[in-house]
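my_file_35.cif (mmCIF, C-alpha atoms) appears below.
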data_my_file
#
loop_
_atom_site.label_atom_id
_atom_site.label_comp_id
_atom_site.auth_asym_id
_atom_site.auth_seq_id
_atom_site.Cartn_x
_atom_site.Cartn_y
_atom_site.Cartn_z
CA MET A 1 2.00 -21.04 -14.33
CA THR A 2 -1.63 -21.85 -13.60
CA GLU A 3 -2.97 -21.68 -10.06
CA LYS A 4 -6.57 -22.25 -9.07
CA LEU A 5 -7.66 -19.89 -6.31
CA ALA A 6 -9.64 -20.61 -3.18
CA LEU A 7 -12.85 -18.62 -2.77
CA ASN A 8 -14.46 -17.11 0.29
CA HIS A 9 -18.27 -17.29 -0.08
CA ARG A 10 -20.55 -14.97 1.84
CA ILE A 11 -24.00 -13.78 0.83
CA PHE A 12 -24.90 -10.09 0.87
CA ARG A 13 -28.24 -9.40 2.51
CA LYS A 14 -29.46 -6.05 3.79
CA SER A 15 -30.01 -7.43 7.28
CA GLU A 16 -26.55 -8.99 7.48
CA GLN A 17 -24.50 -6.55 5.38
CA ALA A 18 -22.23 -9.41 4.36
CA GLU A 19 -20.67 -9.99 0.98
CA PHE A 20 -19.72 -12.90 -1.26
CA HIS A 21 -16.24 -12.18 -2.52
CA ILE A 22 -13.02 -13.63 -3.79
CA THR A 23 -10.14 -13.36 -1.39
CA LEU A 24 -6.90 -13.45 -3.34
CA PRO A 25 -4.59 -15.98 -1.63
CA GLN A 26 -1.60 -14.60 0.23
CA SER A 27 0.75 -16.57 -2.03
CA MET A 28 -0.30 -14.42 -4.97
CA PHE A 29 1.13 -11.31 -3.34
CA HIS A 30 4.63 -12.77 -3.40
CA LEU A 31 4.64 -13.56 -7.12
CA LYS A 32 6.93 -11.46 -9.29
CA GLU A 33 6.81 -8.28 -7.20
CA ASN A 34 3.09 -8.56 -6.58
CA GLU A 35 1.53 -8.36 -10.07
CA PHE A 36 -1.99 -7.85 -8.74
CA ARG A 37 -1.17 -5.26 -6.09
CA ARG A 38 -3.36 -2.79 -8.03
CA ILE A 39 -6.48 -4.94 -7.43
CA THR A 40 -7.59 -4.64 -3.81
CA GLN A 41 -10.84 -6.63 -3.88
CA ILE A 42 -13.13 -8.61 -6.18
CA GLU A 43 -16.67 -9.16 -4.89
CA THR A 44 -19.67 -11.02 -6.27
CA ILE A 45 -22.75 -9.55 -4.64
CA PHE A 46 -26.31 -10.90 -4.64
CA LEU A 47 -29.22 -8.55 -3.88
CA LYS A 48 -32.95 -9.14 -3.72
CA LYS A 49 -35.34 -6.67 -5.33
CA GLY A 50 -35.55 -3.51 -3.21
CA GLU A 51 -32.39 -4.22 -1.21
CA GLU A 52 -29.75 -1.52 -1.04
CA LEU A 53 -26.01 -1.50 -0.89
CA PRO A 54 -25.17 0.73 2.08
CA GLY A 55 -24.30 4.33 1.21
CA PHE A 56 -20.58 4.72 0.64
CA SER A 57 -18.03 7.50 0.80
CA PHE A 58 -14.83 6.44 -0.93
CA ASP A 59 -11.60 8.06 -2.02
CA ASN A 60 -8.59 6.95 -4.06
CA THR A 61 -10.30 3.82 -5.36
CA GLU A 62 -11.23 2.78 -8.92
CA ILE A 63 -14.43 0.70 -8.77
CA LEU A 64 -15.91 -1.25 -11.69
CA TYR A 65 -19.48 -2.60 -11.52
CA TYR A 66 -20.32 -5.49 -13.85
CA VAL A 67 -23.88 -6.83 -13.58
CA ASN A 68 -24.33 -10.48 -14.52
CA HIS A 69 -28.11 -10.55 -13.95
CA GLY A 70 -30.71 -7.92 -13.06
CA ILE A 71 -30.88 -4.13 -12.74
CA LEU A 72 -29.07 -2.00 -10.15
CA ASN A 73 -29.96 1.70 -9.73
CA HIS A 74 -27.00 3.98 -9.00
CA LYS A 75 -26.64 7.63 -8.01
CA ASP A 76 -23.65 9.65 -6.81
CA ASN A 77 -22.63 13.17 -5.89
CA THR A 78 -21.01 13.83 -9.28
CA GLY A 79 -24.54 13.94 -10.72
CA VAL A 80 -24.42 10.56 -12.46
CA ARG A 81 -27.45 8.33 -11.93
CA GLY A 82 -28.89 5.46 -13.93
CA GLU A 83 -29.28 1.71 -14.32
CA VAL A 84 -26.41 -0.77 -14.25
CA THR A 85 -27.44 -3.85 -16.25
CA PRO A 86 -25.82 -6.77 -18.15
CA ARG A 87 -25.41 -4.35 -21.08
CA THR A 88 -24.47 -1.25 -19.06
CA SER A 89 -21.40 -1.19 -16.82
CA LEU A 90 -20.39 1.48 -14.30
CA MET A 91 -16.96 2.93 -13.51
CA LEU A 92 -16.35 5.02 -10.38
CA ASN A 93 -13.07 6.94 -10.25
CA THR A 94 -13.47 8.17 -6.68
CA GLY A 95 -10.28 10.25 -6.61
CA SER A 96 -10.29 12.86 -3.85
CA GLY A 97 -13.70 11.64 -2.66
CA MET A 98 -17.13 10.45 -3.82
CA LYS A 99 -20.44 9.57 -2.17
CA TYR A 100 -22.85 7.14 -3.81
CA ARG A 101 -25.50 4.49 -3.19
CA GLU A 102 -27.24 1.69 -5.07
CA GLU A 103 -30.56 -0.14 -4.90
CA ALA A 104 -31.67 -3.32 -6.66
CA GLU A 105 -34.59 -2.70 -9.03
CA THR A 106 -34.79 -6.48 -9.56
CA ASP A 107 -32.91 -9.43 -8.10
CA VAL A 108 -29.27 -8.70 -8.95
CA GLU A 109 -25.99 -10.59 -9.27
CA LEU A 110 -23.01 -8.31 -9.84
CA VAL A 111 -19.24 -8.30 -9.75
CA ARG A 112 -17.54 -5.29 -8.14
CA ILE A 113 -13.80 -4.84 -8.67
CA SER A 114 -11.86 -2.33 -6.56
CA MET A 115 -8.41 -1.07 -7.61
CA THR A 116 -5.91 1.56 -6.54
CA PRO A 117 -5.27 4.51 -8.91
CA HIS A 118 -1.78 5.33 -10.13
CA THR A 119 -2.02 8.77 -8.46
CA ALA A 120 -3.81 9.81 -5.26
CA ASP A 121 -6.40 12.58 -4.93
CA LEU A 122 -7.32 12.92 -8.60
CA SER A 123 -10.60 14.58 -9.56
CA PRO A 124 -13.56 12.25 -8.94
CA SER A 125 -15.65 11.08 -11.89
CA SER A 126 -18.11 8.35 -12.79
CA MET A 127 -19.48 6.94 -16.02
CA LEU A 128 -22.15 4.53 -17.23
CA TYR A 129 -21.45 2.85 -20.57
CA THR A 130 -23.99 0.84 -22.58
CA PHE A 131 -22.50 -1.73 -24.95
CA SER A 132 -23.87 -2.48 -28.40
CA PRO A 133 -26.58 -5.18 -28.64
CA ASP A 134 -24.73 -6.46 -31.72
CA TYR A 135 -21.94 -7.92 -29.60
CA ARG A 136 -20.88 -11.32 -30.97
CA PRO A 137 -20.18 -14.45 -28.89
CA ASN A 138 -16.78 -16.19 -28.80
CA GLU A 139 -14.89 -12.86 -29.00
CA TRP A 140 -13.16 -10.94 -26.22
CA LYS A 141 -14.78 -7.62 -25.36
CA LEU A 142 -12.82 -4.86 -23.61
CA ILE A 143 -14.95 -3.48 -20.76
CA ALA A 144 -12.61 -1.13 -18.92
CA GLY A 145 -8.94 -0.33 -18.55
CA GLU A 146 -6.06 2.01 -19.14
CA LYS A 147 -5.65 0.56 -22.63
CA GLU A 148 -6.46 2.82 -25.55
CA GLY A 149 -10.04 2.33 -26.73
CA ALA A 150 -11.36 1.09 -23.38
CA PRO A 151 -15.01 2.22 -23.02
CA LEU A 152 -14.53 2.79 -19.29
CA HIS A 153 -11.27 4.26 -17.99
CA ILE A 154 -9.28 2.73 -15.11
CA ARG A 155 -6.55 5.03 -13.80
CA ASN A 156 -3.99 2.26 -13.47
CA ALA A 157 -2.49 -0.56 -15.54
CA VAL A 158 -5.43 -2.99 -15.28
CA ASN A 159 -7.69 -4.09 -18.15
CA VAL A 160 -10.97 -6.01 -17.82
CA TYR A 161 -12.61 -8.11 -20.58
CA ASP A 162 -15.61 -10.38 -20.84
CA LEU A 163 -16.33 -13.34 -23.11
CA TYR A 164 -19.43 -15.39 -23.95
CA LEU A 165 -18.14 -18.76 -25.15
CA GLU A 166 -20.54 -21.17 -26.86
CA LYS A 167 -20.49 -24.90 -26.16
CA GLY A 168 -17.48 -26.58 -27.77
CA LYS A 169 -15.82 -23.30 -28.77
CA LYS A 170 -12.21 -22.40 -27.95
CA GLN A 171 -10.41 -19.14 -27.39
CA ILE A 172 -6.92 -18.10 -26.39
CA ILE A 173 -6.01 -15.75 -23.61
CA PRO A 174 -5.13 -12.62 -25.63
CA PHE A 175 -2.13 -10.32 -25.61
CA ALA A 176 0.24 -13.06 -24.44
CA THR A 177 2.44 -13.13 -27.52
CA ALA A 178 5.19 -10.78 -26.30
CA GLY A 179 6.82 -10.84 -22.89
CA SER A 180 5.30 -12.05 -19.63
CA TYR A 181 1.74 -11.46 -18.47
CA ASN A 182 -0.54 -11.96 -15.49
CA TYR A 183 -4.25 -12.73 -15.67
CA LEU A 184 -7.15 -13.64 -13.42
CA LEU A 185 -9.83 -15.63 -15.25
CA TYR A 186 -13.17 -15.71 -13.41
CA CYS A 187 -16.04 -18.03 -14.46
CA LEU A 188 -19.34 -16.13 -14.19
CA ALA A 189 -21.60 -18.86 -15.55
CA GLY A 190 -21.40 -22.36 -17.02
CA LYS A 191 -18.24 -24.50 -17.21
CA LEU A 192 -14.81 -23.63 -18.57
CA GLN A 193 -11.71 -25.73 -19.29
CA ALA A 194 -8.52 -23.70 -18.73
CA ASP A 195 -5.47 -25.81 -19.56
CA GLN A 196 -6.01 -28.91 -17.38
CA LEU A 197 -8.39 -27.23 -14.93
CA LEU A 198 -12.19 -27.39 -15.05
CA LEU A 199 -13.72 -24.17 -13.75
CA MET A 200 -17.30 -23.97 -12.51
CA LYS A 201 -19.38 -20.84 -11.81
CA GLY A 202 -17.53 -18.77 -9.20
CA ASP A 203 -14.10 -20.35 -9.79
CA THR A 204 -11.03 -18.27 -10.62
CA VAL A 205 -7.71 -19.27 -12.15
CA TYR A 206 -4.45 -17.30 -12.12
CA LEU A 207 -2.44 -17.45 -15.36
CA SER A 208 1.09 -16.15 -15.80
CA GLY A 209 4.16 -16.69 -17.95
CA ASN A 210 4.91 -15.97 -21.59
CA THR A 211 3.01 -18.67 -23.48
CA LEU A 212 -0.54 -18.76 -24.79
CA HIS A 213 -3.29 -20.47 -22.80
CA THR A 214 -6.25 -22.13 -24.50
CA ILE A 215 -9.67 -22.13 -22.88
CA GLN A 216 -12.62 -24.24 -24.02
CA ALA A 217 -16.30 -24.39 -23.11
CA PRO A 218 -17.58 -27.93 -22.42
CA ASP A 219 -20.83 -26.07 -21.81
CA ARG A 220 -21.83 -22.52 -22.70
CA CYS A 221 -20.02 -20.15 -20.34
CA LYS A 222 -19.41 -16.52 -19.49
CA VAL A 223 -16.09 -15.28 -18.09
CA LEU A 224 -14.32 -12.14 -16.91
CA LEU A 225 -10.59 -11.66 -17.55
CA LEU A 226 -8.48 -9.25 -15.49
CA GLU A 227 -5.15 -8.29 -17.02
CA SER A 228 -2.37 -6.71 -14.97
CA VAL A 229 0.14 -5.00 -17.26
#

Target encoding structure tokens, full file:
Amino acid sequence: MTEKLALNHRIFRKSEQAEFHITLPQSMFHLKENEFRRITQIETIFLKKGEELPGFSFDNTEILYYVNHGILNHKDNTGVRGEVTPRTSLMLNTGSGMKYREEAETDVELVRISMTPHTADLSPSSMLYTFSPDYRPNEWKLIAGEKEGAPLHIRNAVNVYDLYLEKGKKQIIPFATAGSYNYLLYCLAGKLQADQLLLMKGDTVYLSGNTLHTIQAPDRCKVLLLESV
């Protein structure tokens, strides 16, 4: 099954403290015992240079930061601080509680994915991971997950990948060769053909079933794939 999702667009500005985010449609939460119940929110946030995300105190939430453009400075009470960039992603495992804040060093566009952990009140931790500059286009890259070998660890059965697809290139949605699966495919930039649907920047498509799906780039594109297993 392929279902294109409606988006709720709001712009984050320091003065307004609003956010641009994807609201998963209510219909999704009645599909096959709620496959995406582990994912509580997906936000795309835009910040101007010098703007801050308000200081947060969170618990029992797994939060992945994926920067599409720009540099975001992060610091938290576990002692981790540094830059989140298109090459460096951030994972917050807030567990029993964590305080943190961020500020845009440049204009920033980022995706922030919030998930529930498999167990409450675990020890809090955070990690910045810088990916190799030798990354090749047209190949799936595992960003974070519970899957073995994931650079950033999510304490639940969710895996996150990205893909830079060159114009005219095709790729299949991976790991769909055995049993059923559930994916959210989010277009970060460019245009993407997913089955019979044309996705533009900001569009998301829900994929499920037990057959392979082919995606193609009529123009160069960048996508995120969320896998619920």

If you take every atom of stretch 189-194 of chain A that the file lists and fit an axis-aligned box around them with 4 Å extra on each side, what centre and edge lengths come out in Å to one decimal, as lines of an AutoDock Vina configuration file?
center_x = -15.1
center_y = -22.3
center_z = -17.4
size_x = 21.1
size_y = 14.9
size_z = 11.7

Exercise for the section: Run the PyMOL selection byres ((chain A and resi 60) around 10) mentally over the shown coordinates, then write out the matched residues as a VMD selection string, using the chain letters and numbers from the document. Expected result: chain A and resid 58 to 59 61 to 63 93 to 98 115 to 124

Exercise for the section: Using the chain letters and numbers from the file, give me the residues hit by the PyMOL selection byres ((chain A and resi 67-74) around 10), as a PyMOL selection string. Expected result: chain A and resi 44-53+64-66+75-76+80-90+100-112+128+188-189+222

Exercise for the section: Quote the spacing between atom CA of A:Leu142 and atom CA of A:Met127 in Å to one decimal place. Expected result: 15.5 Å

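For the pair atom CA of A:Pro133 and atom CA of A:Leu165, the interatomic distance is 16.4 Å.
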
Practice task
Kindly resolve the PyMOL selection byres ((chain A and resi 173) around 12) on the present coordinates and return the residues as a PyMOL selection string.
Solution key: chain A and resi 138-140+161-163+170-172+174-177+181-185+194-195+206-216+223-227

Handout entry: Point-to-point distance in Å for atom CA of A:Ala217 and atom CA of A:Leu198
Key = 9.5 Å

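Closest approach to A:Gly79 among A:Ser126, A:Glu43, A:Phe56, A:Gly168: A:Ser126, based on only C-alpha atoms.
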
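Counting all atoms listed in the file and comparing A:Lys201, A:Ile113, A:Asn77, A:Lys99, the residue that lies closest to A:Ile154 is A:Ile113.
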
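Nearest to A:Gly202 of all the residues A:Val229, A:Ile143, A:Leu92, A:Ile42 is A:Ile42, counting only C-alpha atoms.
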